[in-house]
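**Q** Supplied structure: structure-v9.cif, mmCIF, C-alpha atoms and all ligand atoms.
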data_target
#
loop_
_atom_site.label_atom_id
_atom_site.label_comp_id
_atom_site.auth_asym_id
_atom_site.auth_seq_id
_atom_site.Cartn_x
_atom_site.Cartn_y
_atom_site.Cartn_z
CA MET A 565 -125.24 -51.62 87.20
CA SER A 566 -128.81 -51.06 86.46
CA ASP A 567 -129.58 -47.50 87.33
CA SER A 568 -128.13 -45.46 84.48
CA ALA A 569 -128.45 -42.14 86.30
CA ASN A 570 -126.42 -43.65 89.11
CA ILE A 571 -123.73 -44.77 86.73
CA ASP A 572 -123.64 -41.35 85.18
CA ASP A 573 -123.06 -39.76 88.59
CA THR A 574 -120.28 -42.17 89.42
CA LEU A 575 -118.47 -41.49 86.18
CA ASN A 576 -118.84 -37.71 86.51
CA GLU A 577 -117.61 -37.86 90.04
CA LEU A 578 -114.59 -39.88 88.95
CA ASN A 579 -113.87 -37.46 86.16
CA LYS A 580 -113.84 -34.54 88.60
CA GLU A 581 -111.48 -36.36 90.91
CA ILE A 582 -109.11 -37.18 88.09
CA GLU A 583 -109.04 -33.61 86.88
CA SER A 584 -108.62 -32.01 90.27
CA ALA A 585 -105.98 -34.29 91.77
CA SER A 586 -102.83 -32.37 92.44
CA LEU A 587 -99.79 -34.26 91.12
CA HIS A 588 -96.84 -32.32 92.39
CA SER A 589 -94.51 -35.03 93.65
CA ASP A 590 -93.42 -38.56 92.79
CA GLU A 591 -95.39 -39.84 95.78
CA SER A 592 -98.62 -38.10 94.76
CA ILE A 593 -98.27 -39.38 91.19
CA GLU A 594 -97.80 -42.92 92.46
CA SER A 595 -100.74 -42.81 94.84
CA PHE A 596 -102.90 -41.36 92.05
CA ARG A 597 -101.88 -44.25 89.78
CA ILE A 598 -102.72 -46.81 92.45
CA ARG A 599 -106.03 -45.14 93.33
CA PHE A 600 -107.35 -45.09 89.78
CA LEU A 601 -105.36 -47.59 87.75
CA GLY A 602 -104.00 -50.04 90.35
CA LYS A 603 -104.40 -53.67 89.27
CA LYS A 604 -106.35 -54.75 92.33
CA GLN A 605 -108.12 -51.76 93.89
CA GLY A 606 -107.94 -49.15 91.12
CA ARG A 607 -111.32 -47.50 90.62
CA ILE A 608 -111.10 -47.33 86.84
CA THR A 609 -109.75 -50.86 86.76
CA GLY A 610 -112.79 -51.91 88.83
CA LEU A 611 -115.15 -50.30 86.33
CA MET A 612 -113.42 -51.95 83.38
CA LYS A 613 -113.88 -55.34 85.00
CA ARG A 614 -117.57 -54.65 85.28
CA ILE A 615 -118.17 -53.75 81.62
CA PRO A 616 -119.51 -57.25 80.85
CA GLU A 617 -122.21 -56.83 83.51
CA VAL A 618 -123.71 -53.71 81.89
CA ASP A 619 -126.95 -54.09 79.96
CA PRO A 620 -126.10 -54.90 76.37
CA GLY A 621 -127.78 -51.70 75.16
CA ASP A 622 -125.66 -49.43 77.38
CA ARG A 623 -122.49 -51.44 77.28
CA LYS A 624 -120.83 -49.74 74.39
CA ALA A 625 -121.38 -46.20 75.65
CA PHE A 626 -120.32 -47.20 79.14
CA GLY A 627 -117.18 -48.87 77.85
CA GLN A 628 -116.24 -45.81 75.85
CA ARG A 629 -116.62 -43.51 78.83
CA VAL A 630 -114.58 -45.73 81.12
CA ASN A 631 -111.87 -45.95 78.49
CA ALA A 632 -111.86 -42.19 78.10
CA LEU A 633 -111.39 -41.83 81.87
CA LYS A 634 -108.55 -44.30 81.74
CA SER A 635 -106.79 -42.42 78.93
CA ARG A 636 -107.23 -39.16 80.76
CA ALA A 637 -105.80 -40.57 83.99
CA MET A 638 -102.81 -41.94 82.10
CA GLU A 639 -102.34 -38.64 80.36
CA ARG A 640 -102.27 -36.78 83.66
CA ILE A 641 -99.67 -39.18 85.03
CA GLU A 642 -97.43 -38.73 82.02
CA THR A 643 -97.66 -34.96 82.06
CA ALA A 644 -96.93 -34.86 85.77
CA GLN A 645 -93.95 -37.19 85.38
CA ASN A 646 -92.47 -35.09 82.61
CA ALA A 647 -92.90 -31.98 84.65
CA ALA A 648 -91.23 -33.59 87.65
CA GLN A 649 -88.28 -34.64 85.50
CA THR A 650 -87.80 -31.22 83.96
CA GLN A 651 -87.93 -29.74 87.38
CA ALA A 652 -85.27 -32.12 88.69
CA VAL A 653 -82.92 -31.25 85.85
CA THR A 654 -83.32 -27.51 86.24
CA SER A 655 -83.52 -27.36 90.01
CA ASN A 656 -80.67 -25.77 91.91
CA ASP A 657 -79.59 -28.94 93.73
CA LEU A 658 -78.13 -30.32 90.53
CA ASP A 659 -74.74 -29.06 89.44
CA LEU A 660 -74.22 -30.16 85.87
CA SER A 661 -70.68 -28.83 85.88
CA LEU A 662 -69.54 -31.36 88.52
CA PRO A 663 -66.99 -33.87 87.15
CA GLY A 664 -68.31 -37.41 86.65
CA ARG A 665 -67.37 -40.28 88.94
CA THR A 666 -64.24 -42.03 87.71
CA LEU A 667 -64.12 -45.80 87.89
CA PRO A 668 -61.22 -47.15 89.95
CA GLU A 669 -58.50 -48.49 87.69
CA GLY A 670 -57.40 -52.12 88.15
CA SER A 671 -53.78 -53.19 88.48
CA VAL A 672 -51.81 -56.15 87.21
CA HIS A 673 -50.82 -58.56 89.99
CA PRO A 674 -47.11 -58.26 90.88
CA LEU A 675 -46.64 -61.97 90.13
CA THR A 676 -48.11 -61.51 86.67
CA GLN A 677 -45.94 -58.44 86.04
CA THR A 678 -42.82 -60.36 87.08
CA HIS A 679 -43.83 -63.43 85.09
CA ARG A 680 -44.35 -61.32 81.94
CA LEU A 681 -41.02 -59.55 82.33
CA ILE A 682 -39.09 -62.82 82.76
CA ILE A 683 -40.77 -64.33 79.70
CA ARG A 684 -40.04 -61.24 77.64
CA VAL A 685 -36.30 -61.41 78.40
CA PHE A 686 -35.99 -64.99 77.24
CA GLU A 687 -38.31 -64.61 74.28
CA SER A 688 -36.03 -61.89 72.98
CA TYR A 689 -33.28 -64.55 72.92
CA GLY A 690 -35.33 -66.99 70.85
CA PHE A 691 -36.83 -69.08 73.65
CA THR A 692 -40.42 -70.21 73.13
CA VAL A 693 -42.95 -70.73 75.90
CA GLU A 694 -44.03 -74.28 76.76
CA GLU A 695 -46.35 -75.56 79.44
CA GLY A 696 -46.91 -78.89 81.13
CA PRO A 697 -49.47 -80.52 83.42
CA GLU A 698 -49.69 -79.60 87.10
CA ILE A 699 -50.77 -83.17 87.87
CA GLU A 700 -47.70 -85.24 87.06
CA ASP A 701 -46.48 -88.76 87.43
CA ASP A 702 -43.58 -89.78 89.55
CA TRP A 703 -41.50 -90.69 86.51
CA HIS A 704 -41.55 -87.21 84.91
CA ASN A 705 -41.30 -85.33 88.20
CA PHE A 706 -38.49 -87.45 89.71
CA THR A 707 -37.22 -90.61 88.00
CA ALA A 708 -36.43 -89.22 84.56
CA LEU A 709 -34.79 -86.24 86.25
CA ASN A 710 -32.30 -88.61 87.86
CA PHE A 711 -33.70 -88.44 91.40
CA PRO A 712 -32.55 -91.56 93.27
CA PRO A 713 -35.38 -93.78 94.62
CA ASP A 714 -34.77 -92.70 98.21
CA HIS A 715 -34.49 -88.96 97.59
CA PRO A 716 -36.20 -86.97 100.39
CA ALA A 717 -38.35 -84.98 97.91
CA ARG A 718 -40.12 -88.25 97.09
CA ASP A 719 -41.43 -88.36 100.64
CA MET A 720 -45.10 -87.60 101.35
CA GLN A 721 -43.81 -84.97 103.76
CA ASP A 722 -42.60 -82.82 100.89
CA THR A 723 -44.81 -83.77 97.99
CA PHE A 724 -48.58 -83.81 97.58
CA PHE A 725 -49.30 -87.30 96.26
CA ILE A 726 -52.64 -87.94 94.60
CA GLU A 727 -51.88 -91.63 94.38
CA ALA A 728 -48.99 -92.99 96.37
CA PRO A 729 -46.49 -95.02 94.34
CA SER A 730 -46.96 -98.78 94.75
CA ASP A 731 -45.49 -102.01 93.34
CA LYS A 732 -48.02 -101.80 90.52
CA HIS A 733 -47.68 -98.19 89.36
CA ASP A 734 -45.78 -94.95 89.64
CA GLY A 735 -47.23 -92.34 91.94
CA ILE A 736 -49.41 -89.48 90.71
CA LEU A 737 -48.64 -86.13 92.30
CA LEU A 738 -48.86 -82.37 92.10
CA ARG A 739 -45.62 -81.39 90.42
CA THR A 740 -43.09 -80.00 92.86
CA HIS A 741 -41.21 -78.04 90.20
CA THR A 742 -41.44 -77.16 86.50
CA SER A 743 -38.45 -79.39 85.67
CA PRO A 744 -40.66 -82.33 84.54
CA VAL A 745 -41.60 -80.17 81.54
CA GLN A 746 -37.93 -80.48 80.47
CA ILE A 747 -38.61 -84.18 80.11
CA ARG A 748 -41.87 -83.66 78.21
CA VAL A 749 -40.22 -81.24 75.80
CA LEU A 750 -37.22 -83.54 75.25
CA GLN A 751 -39.66 -86.37 74.51
CA SER A 752 -41.64 -84.42 71.95
CA GLN A 753 -39.09 -82.15 70.24
CA LYS A 754 -35.72 -82.64 68.60
CA PRO A 755 -32.69 -80.45 69.38
CA PRO A 756 -32.02 -77.61 68.95
CA ILE A 757 -34.43 -76.95 71.81
CA ARG A 758 -34.78 -73.58 73.47
CA VAL A 759 -37.80 -73.31 75.78
CA ILE A 760 -38.99 -71.31 78.73
CA VAL A 761 -41.62 -72.93 80.97
CA PRO A 762 -43.67 -70.88 83.40
CA GLY A 763 -46.08 -72.63 85.72
CA ARG A 764 -47.52 -73.38 89.09
CA VAL A 765 -45.90 -75.87 91.43
CA TYR A 766 -46.91 -77.35 94.79
CA ARG A 767 -45.07 -78.33 97.95
CA ASN A 768 -46.26 -79.82 101.17
CA GLU A 769 -44.49 -77.31 103.36
CA ALA A 770 -45.38 -75.51 106.56
CA ILE A 771 -46.87 -72.20 105.50
CA SER A 772 -44.91 -69.18 106.68
CA TYR A 773 -43.76 -65.76 105.51
CA LYS A 774 -41.30 -67.45 103.17
CA SER A 775 -43.08 -70.58 101.96
CA TYR A 776 -46.52 -71.32 100.64
CA CYS A 777 -48.13 -74.59 99.56
CA LEU A 778 -48.13 -73.41 95.97
CA PHE A 779 -45.95 -71.01 94.03
CA HIS A 780 -44.71 -70.37 90.52
CA GLN A 781 -41.52 -71.21 88.73
CA VAL A 782 -39.98 -70.49 85.38
CA GLU A 783 -37.84 -73.24 83.92
CA GLY A 784 -35.39 -72.75 81.07
CA LEU A 785 -33.89 -75.42 78.84
CA TYR A 786 -31.46 -75.13 75.96
CA VAL A 787 -30.20 -78.30 74.26
CA ASP A 788 -28.05 -78.29 71.13
CA GLU A 789 -24.57 -79.24 69.96
CA ASN A 790 -21.85 -77.35 71.81
CA VAL A 791 -23.95 -75.64 74.46
CA SER A 792 -21.60 -74.52 77.23
CA MET A 793 -21.64 -73.24 80.77
CA GLY A 794 -20.42 -69.92 79.30
CA ASP A 795 -23.68 -69.64 77.33
CA LEU A 796 -25.59 -70.24 80.55
CA LYS A 797 -23.68 -67.57 82.45
CA HIS A 798 -24.22 -65.09 79.68
CA ILE A 799 -27.99 -65.49 79.41
CA LEU A 800 -28.45 -65.41 83.18
CA HIS A 801 -26.41 -62.26 83.44
CA VAL A 802 -28.61 -60.62 80.81
CA PHE A 803 -31.64 -61.75 82.79
CA ALA A 804 -30.28 -60.39 86.10
CA ARG A 805 -29.50 -57.02 84.53
CA VAL A 806 -33.02 -56.61 83.19
CA LEU A 807 -34.68 -57.62 86.46
CA PHE A 808 -32.32 -56.08 89.01
CA GLY A 809 -30.58 -53.25 87.17
CA GLU A 810 -27.61 -52.72 84.85
CA ASP A 811 -25.07 -52.68 87.67
CA VAL A 812 -26.26 -55.91 89.31
CA ARG A 813 -23.54 -58.08 90.84
CA MET A 814 -24.05 -61.79 90.30
CA ARG A 815 -22.16 -64.91 91.31
CA PHE A 816 -22.33 -68.63 90.53
CA ARG A 817 -22.01 -70.82 93.60
CA PRO A 818 -21.43 -74.58 93.15
CA SER A 819 -24.47 -76.59 94.21
CA PHE A 820 -26.22 -79.87 93.55
CA PHE A 821 -29.34 -80.91 91.64
CA PRO A 822 -29.91 -84.51 90.50
CA PHE A 823 -30.69 -83.42 86.94
CA THR A 824 -27.72 -81.12 86.29
CA GLU A 825 -23.96 -81.71 86.39
CA PRO A 826 -22.26 -79.45 87.22
CA SER A 827 -24.91 -77.50 89.14
CA ALA A 828 -24.87 -74.00 90.50
CA GLU A 829 -26.98 -71.55 92.39
CA VAL A 830 -26.94 -67.94 91.30
CA ASP A 831 -26.80 -65.17 93.87
CA ILE A 832 -27.14 -61.45 93.42
CA TRP A 833 -25.60 -58.86 95.71
CA TRP A 834 -28.29 -57.10 97.71
CA LYS A 835 -27.19 -53.69 98.92
CA ASP A 836 -28.28 -52.97 102.47
CA ASP A 837 -26.45 -50.31 104.43
CA SER A 838 -27.75 -51.61 107.74
CA LEU A 839 -25.70 -54.82 107.25
CA PRO A 840 -22.02 -55.06 108.27
CA GLY A 841 -20.65 -55.54 104.73
CA GLY A 842 -23.10 -53.08 103.18
CA GLY A 843 -25.28 -55.90 101.86
CA ARG A 844 -25.45 -59.65 101.35
CA TRP A 845 -25.68 -62.34 98.68
CA LEU A 846 -29.21 -63.60 97.94
CA GLU A 847 -29.97 -66.73 95.98
CA ILE A 848 -32.26 -66.18 92.99
CA LEU A 849 -32.16 -69.43 90.99
CA GLY A 850 -30.71 -72.87 90.39
CA CYS A 851 -29.06 -74.00 87.17
CA GLY A 852 -26.53 -76.28 85.56
CA MET A 853 -25.59 -78.39 82.58
CA VAL A 854 -28.21 -81.04 81.83
CA ASP A 855 -27.02 -84.32 83.33
CA PRO A 856 -26.18 -86.92 80.61
CA ASN A 857 -28.44 -89.38 82.49
CA VAL A 858 -31.42 -87.09 81.82
CA LEU A 859 -30.66 -86.93 78.10
CA SER A 860 -30.28 -90.74 77.97
CA ALA A 861 -33.58 -91.25 79.82
CA VAL A 862 -35.41 -89.55 76.94
CA GLY A 863 -33.32 -90.97 74.11
CA VAL A 864 -31.20 -87.91 73.30
CA ASP A 865 -27.58 -88.79 72.54
CA PRO A 866 -25.43 -87.23 75.32
CA GLU A 867 -22.30 -87.71 73.21
CA ARG A 868 -23.65 -85.40 70.54
CA TYR A 869 -25.78 -82.95 72.53
CA THR A 870 -25.25 -80.85 75.61
CA GLY A 871 -27.58 -78.43 77.27
CA TYR A 872 -28.14 -76.08 80.11
CA ALA A 873 -31.16 -75.69 82.36
CA PHE A 874 -32.23 -73.27 85.01
CA GLY A 875 -35.19 -72.80 87.30
CA MET A 876 -36.37 -69.91 89.44
CA GLY A 877 -39.27 -69.02 91.70
CA ILE A 878 -41.39 -66.14 90.41
CA GLU A 879 -42.56 -65.26 93.95
CA ARG A 880 -38.99 -64.95 95.15
CA ILE A 881 -37.99 -62.66 92.29
CA ALA A 882 -41.15 -60.54 92.72
CA MET A 883 -40.60 -60.24 96.47
CA LEU A 884 -37.03 -59.02 95.92
CA ARG A 885 -37.98 -56.57 93.18
CA TYR A 886 -40.86 -55.03 95.09
CA GLY A 887 -39.60 -55.42 98.66
CA ILE A 888 -42.43 -57.77 99.67
CA GLU A 889 -41.60 -59.51 102.93
CA ASP A 890 -44.36 -62.09 103.29
CA ILE A 891 -45.21 -64.50 100.45
CA ARG A 892 -48.76 -65.02 101.75
CA ILE A 893 -49.82 -61.50 100.88
CA LEU A 894 -49.44 -62.42 97.21
CA TYR A 895 -52.36 -64.82 97.65
CA GLU A 896 -54.71 -62.75 99.79
CA ASN A 897 -56.32 -60.57 97.12
CA ASP A 898 -56.11 -57.59 99.44
CA GLU A 899 -57.03 -54.54 97.43
CA ARG A 900 -54.87 -52.27 99.59
CA PHE A 901 -51.85 -54.34 98.57
CA LEU A 902 -52.76 -54.89 94.93
CA SER A 903 -53.60 -51.27 94.17
CA GLN A 904 -49.96 -50.36 94.87
CA PHE A 905 -49.01 -52.05 91.62
CA ALA A 906 -51.15 -49.90 89.33
N1 LIG B 1 -36.22 -77.67 89.99
C1 LIG B 1 -35.36 -76.97 90.93
C2 LIG B 1 -36.17 -76.65 92.18
O1 LIG B 1 -37.36 -76.66 92.14
C3 LIG B 1 -34.83 -75.70 90.35
C4 LIG B 1 -33.84 -75.96 89.27
C5 LIG B 1 -32.49 -76.07 89.58
C6 LIG B 1 -34.23 -76.09 87.95
C7 LIG B 1 -31.56 -76.31 88.59
C8 LIG B 1 -33.32 -76.31 86.96
C9 LIG B 1 -31.97 -76.43 87.30
O2 LIG B 1 -33.65 -76.45 85.67
O3 LIG B 1 -31.07 -76.67 86.32
O4 LIG B 1 -35.59 -76.38 93.19
#
Represent the structure contained in this file as structure tokens.
**A**
Amino acid sequence: MSDSANIDDTLNELNKEIESASLHSDESIESFRIRFLGKKQGRITGLMKRIPEVDPGDRKAFGQRVNALKSRAMERIETAQNAAQTQAVTSNDLDLSLPGRTLPEGSVHPLTQTHRLIIRVFESYGFTVEEGPEIEDDWHNFTALNFPPDHPARDMQDTFFIEAPSDKHDGILLRTHTSPVQIRVLQSQKPPIRVIVPGRVYRNEAISYKSYCLFHQVEGLYVDENVSMGDLKHILHVFARVLFGEDVRMRFRPSFFPFTEPSAEVDIWWKDDSLPGGGRWLEILGCGMVDPNVLSAVGVDPERYTGYAFGMGIERIAMLRYGIEDIRILYENDERFLSQFA
């Protein structure tokens, strides 16, 4: 940087190149930017770095000229970019009248839809929603519900134990039904009690088209003076009409649960012309009058209060309503399946 005539030539040369470069495409603009202003090899960048080496007397003038070149190069880039953009917008390839892309709409999972509908029916009858823990102790899940000590459900084969019961403590387990929440509610509230309890339950079962290691239930409990089996039949009939249609046929079939006496299972008539009788009875839930032993276990006077309870599987109801034949598909998150419920 000593010969000032030399420097002058270099700068003039650069100026000519900047002015004459043809910037007609994105690629040419980018290579122009790299050639002159690139951080490492850019020619103007190189000159800027060398400003400190210039003789003090010439430094200012040199600096000004290099800066002017830089501004001019940047100006050319900007103008060229604007031109390219305008051209893109007005070029014939772009049809501004085309409709925009619509985003695919999500759908509510069939289990959630069924769950919401069930809750809505009972809420309209004054039931409030309660929840309980999925990790339960043996006492709430079995003992307080009047399960005898040797009941098969207490076997590891059927229940996921987190801690097996021992002489020292009750077992800790994944609840096998929502019924233990009956106990929790009876412990924490005074009659009249009218609750609906949705939740996830777990069973150590072989996985197949009809059973999965987890599923959902909705439990109902109504405890007050003078609650009768007639009240139970009425509310369940209302429920069946909302979920399966006004003309649904329903029957109560005597059954057994440790925590209800008497107990029943409720079936609905499923029309199917391919079957000999034109259809068949399908079980949809279990129910009964709360066993006096259950009320006593939580300190509610069975002489004064009676109650009914019921429990149903949300998967089962959803599968019937929507004609789903394999429970596992509800847990596969397959978009082709889920989008049918939009
Ligand atoms: N807990 C029962 C089960 O998982 C279902 C059930 C039956 C719940 C009768 C109830 C009832 O509240 O009264 O199979």
**Q** If the limit is 9 Å from any atom of ligand LIG 1 (chain B), counting only C-alpha atoms and all ligand atoms, which residues qualify? Return them as a PDB file with C-alpha atoms, keeping the file's coordinate frame.
**A**
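The new file out_15.pdb reads:
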ATOM      1  CA  THR A 740     -43.090 -80.000  92.860  1.00  0.00           C
ATOM      2  CA  HIS A 741     -41.210 -78.040  90.200  1.00  0.00           C
ATOM      3  CA  THR A 742     -41.440 -77.160  86.500  1.00  0.00           C
ATOM      4  CA  SER A 743     -38.450 -79.390  85.670  1.00  0.00           C
ATOM      5  CA  PRO A 744     -40.660 -82.330  84.540  1.00  0.00           C
ATOM      6  CA  GLN A 746     -37.930 -80.480  80.470  1.00  0.00           C
ATOM      7  CA  VAL A 765     -45.900 -75.870  91.430  1.00  0.00           C
ATOM      8  CA  GLN A 781     -41.520 -71.210  88.730  1.00  0.00           C
ATOM      9  CA  VAL A 782     -39.980 -70.490  85.380  1.00  0.00           C
ATOM     10  CA  GLU A 783     -37.840 -73.240  83.920  1.00  0.00           C
ATOM     11  CA  GLY A 784     -35.390 -72.750  81.070  1.00  0.00           C
ATOM     12  CA  LEU A 785     -33.890 -75.420  78.840  1.00  0.00           C
ATOM     13  CA  PHE A 820     -26.220 -79.870  93.550  1.00  0.00           C
ATOM     14  CA  PHE A 821     -29.340 -80.910  91.640  1.00  0.00           C
ATOM     15  CA  PRO A 822     -29.910 -84.510  90.500  1.00  0.00           C
ATOM     16  CA  PHE A 823     -30.690 -83.420  86.940  1.00  0.00           C
ATOM     17  CA  THR A 824     -27.720 -81.120  86.290  1.00  0.00           C
ATOM     18  CA  GLU A 825     -23.960 -81.710  86.390  1.00  0.00           C
ATOM     19  CA  SER A 827     -24.910 -77.500  89.140  1.00  0.00           C
ATOM     20  CA  ALA A 828     -24.870 -74.000  90.500  1.00  0.00           C
ATOM     21  CA  GLU A 829     -26.980 -71.550  92.390  1.00  0.00           C
ATOM     22  CA  LEU A 849     -32.160 -69.430  90.990  1.00  0.00           C
ATOM     23  CA  GLY A 850     -30.710 -72.870  90.390  1.00  0.00           C
ATOM     24  CA  CYS A 851     -29.060 -74.000  87.170  1.00  0.00           C
ATOM     25  CA  GLY A 852     -26.530 -76.280  85.560  1.00  0.00           C
ATOM     26  CA  MET A 853     -25.590 -78.390  82.580  1.00  0.00           C
ATOM     27  CA  VAL A 854     -28.210 -81.040  81.830  1.00  0.00           C
ATOM     28  CA  TYR A 872     -28.140 -76.080  80.110  1.00  0.00           C
ATOM     29  CA  ALA A 873     -31.160 -75.690  82.360  1.00  0.00           C
ATOM     30  CA  PHE A 874     -32.230 -73.270  85.010  1.00  0.00           C
ATOM     31  CA  GLY A 875     -35.190 -72.800  87.300  1.00  0.00           C
ATOM     32  CA  MET A 876     -36.370 -69.910  89.440  1.00  0.00           C
ATOM     33  CA  GLY A 877     -39.270 -69.020  91.700  1.00  0.00           C
TER      34      GLY A 877
END
**Q** Calculated over all atoms listed in the file, which of the candidates A:Gly606, A:Gly841, A:Gly735, A:Pro818 has the smallest distance to A:Asn705?
**A**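 Closest residue, counting all atoms listed in the file: A:Gly735.
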**Q** Rank nothing, just name the residue among A:Pro712, A:Glu669, A:Ala861, A:Leu884 nearest to A:Glu847, using all atoms listed in the file.
**A**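 Closest to A:Glu847, using all atoms listed in the file: A:Leu884.
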**Q** Do you know which residues are at most 12 Å from A:Arg636 counting all atoms listed in the file, after dropping those on the same chain fewer than 6 positions away, and could you put them as a PDB file with C-alpha atoms, in the coordinates of the input?
**A**
ATOM      1  CA  LEU A 578    -114.590 -39.880  88.950  1.00  0.00           C
ATOM      2  CA  ASN A 579    -113.870 -37.460  86.160  1.00  0.00           C
ATOM      3  CA  LYS A 580    -113.840 -34.540  88.600  1.00  0.00           C
ATOM      4  CA  GLU A 581    -111.480 -36.360  90.910  1.00  0.00           C
ATOM      5  CA  ILE A 582    -109.110 -37.180  88.090  1.00  0.00           C
ATOM      6  CA  GLU A 583    -109.040 -33.610  86.880  1.00  0.00           C
ATOM      7  CA  SER A 584    -108.620 -32.010  90.270  1.00  0.00           C
ATOM      8  CA  ARG A 597    -101.880 -44.250  89.780  1.00  0.00           C
ATOM      9  CA  PHE A 600    -107.350 -45.090  89.780  1.00  0.00           C
ATOM     10  CA  LEU A 601    -105.360 -47.590  87.750  1.00  0.00           C
ATOM     11  CA  ILE A 608    -111.100 -47.330  86.840  1.00  0.00           C
ATOM     12  CA  ARG A 629    -116.620 -43.510  78.830  1.00  0.00           C
ATOM     13  CA  VAL A 630    -114.580 -45.730  81.120  1.00  0.00           C
ATOM     14  CA  GLU A 642     -97.430 -38.730  82.020  1.00  0.00           C
ATOM     15  CA  THR A 643     -97.660 -34.960  82.060  1.00  0.00           C
TER      16      THR A 643
END
**Q** Find the residues around A:Arg844 up to 12 Å (only C-alpha atoms counted), leave out those fewer than 6 positions away in its own chain, and share them as an NGL selection string.
**A** :A and (813-815 or 831-838)
**Q** Name all residues at most 12 Å from A:Arg868 (count all atoms listed in the file; drop same-chain ones fewer than 6 positions away) and give them as a PyMOL selection string.
**A** chain A and resi 755-756+787-791+856+859-860
**Q** For C-alpha atoms, I'd like the residues from the last selection saved as a compact mmCIF listing (two decimals), in the coordinates of the input.
**A**
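What ended up in result-v3.txt:
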# COMPACT_ATOMS: atom_id res chain seq x y z
CA PRO A 755 -32.69 -80.45 69.38
CA PRO A 756 -32.02 -77.61 68.95
CA VAL A 787 -30.20 -78.30 74.26
CA ASP A 788 -28.05 -78.29 71.13
CA GLU A 789 -24.57 -79.24 69.96
CA ASN A 790 -21.85 -77.35 71.81
CA VAL A 791 -23.95 -75.64 74.46
CA PRO A 856 -26.18 -86.92 80.61
CA LEU A 859 -30.66 -86.93 78.10
CA SER A 860 -30.28 -90.74 77.97
**Q** Please identify every residue of stretch 741-781 of chain A that has at least one atom no farther than 6 Å from an atom of stretch 676-699 of chain A, counting all atoms listed in the file, and for each give the shortest atom pair and the distance in Å to one decimal, arranged by chain then increasing number, as JSON lines.
**A**
{"residue": "A:Val745", "atom": "CA", "partner": "A:Gly696", "partner_atom": "CA", "distance": 5.5}
{"residue": "A:Arg758", "atom": "CA", "partner": "A:Phe691", "partner_atom": "CA", "distance": 4.9}
{"residue": "A:Val759", "atom": "CA", "partner": "A:Phe691", "partner_atom": "CA", "distance": 4.8}
{"residue": "A:Ile760", "atom": "CA", "partner": "A:Val693", "partner_atom": "CA", "distance": 4.9}
{"residue": "A:Val761", "atom": "CA", "partner": "A:Glu694", "partner_atom": "CA", "distance": 5.0}
**Q** Keeping C-alpha atoms, export the residues of the selection given above as a PDB file, keeping the file's coordinate frame.
**A**
ATOM      1  CA  VAL A 745     -41.600 -80.170  81.540  1.00  0.00           C
ATOM      2  CA  ARG A 758     -34.780 -73.580  73.470  1.00  0.00           C
ATOM      3  CA  VAL A 759     -37.800 -73.310  75.780  1.00  0.00           C
ATOM      4  CA  ILE A 760     -38.990 -71.310  78.730  1.00  0.00           C
ATOM      5  CA  VAL A 761     -41.620 -72.930  80.970  1.00  0.00           C
TER       6      VAL A 761
END
**Q** Using all atoms listed in the file, determine which residues lie at most 12 Å from A:Leu738, disregarding the query and same-chain residues fewer than 4 positions distant; provide the list as a PyMOL selection string.
**A** chain A and resi 696-702+704-706+718+720+722-728+742+744+763-768+777-779
**Q** Smallest atom-to-atom distance to A:Ser792: which of A:Gly602, A:Gly871, A:Pro716, A:Pro826, using all atoms listed in the file?
**A** A:Gly871
**Q** Please, what distance in Å, to one decimal, runs between atom CA of A:Val830 and atom CA of A:Ile848?
**A**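 The value is 5.9 Å.
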**Q** Can I get the residues of stretch 626-736 of chain A within 9 Å of stretch 588-594 of chain A, each with the closest pair of atoms and their distance in Å to one decimal, using all atoms listed in the file, sorted chain first then ascending number, as CSV?
**A**
residue,atom,partner,partner_atom,distance
A:Arg640,CA,A:Ile593,CA,8.9
A:Ile641,CA,A:Ile593,CA,6.3
A:Ala644,CA,A:His588,CA,7.1
A:Gln645,CA,A:Asp590,CA,7.6
A:Ala647,CA,A:His588,CA,8.7
A:Ala648,CA,A:Ser589,CA,7.0
**Q** Just give me the gap between atom CA of A:Arg892 and atom CA of A:Pro840 in Å, one decimal is fine.
**A** 29.3 Å
**Q** Suppose you want the space between atom CA of A:Leu667 and atom CA of A:Ala652; what is it in Å?
**A**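 Distance reported for this atom pair: 25.2 Å.
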**Q** Restricting the calculation to all atoms listed in the file, which member of A:Thr609, A:Ser730, A:Asn710, A:Gln721 is positioned closest to A:Ile747?
**A**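 Among the listed residues, A:Asn710 lies closest to A:Ile747.
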**Q** When distances are computed from only C-alpha atoms, which of A:Val806, A:Phe711, A:Glu899, A:Val862 shows the smallest separation from A:Leu750?
**A**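 Closest to A:Leu750, using only C-alpha atoms: A:Val862.
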**Q** Which residues come within 8 Å of A:Val672, counting only C-alpha atoms, excluding same-chain residues fewer than 6 positions away, as number ranges by chain?
**A** A: 902, 905-906
**Q** Restricting the calculation to all atoms listed in the file: of A:Thr574, A:Asn897, A:Ser671, A:Gln751, which residue gets closest to A:Phe626?
**A**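 Answer, going by the shortest atom-to-atom distance: A:Thr574.
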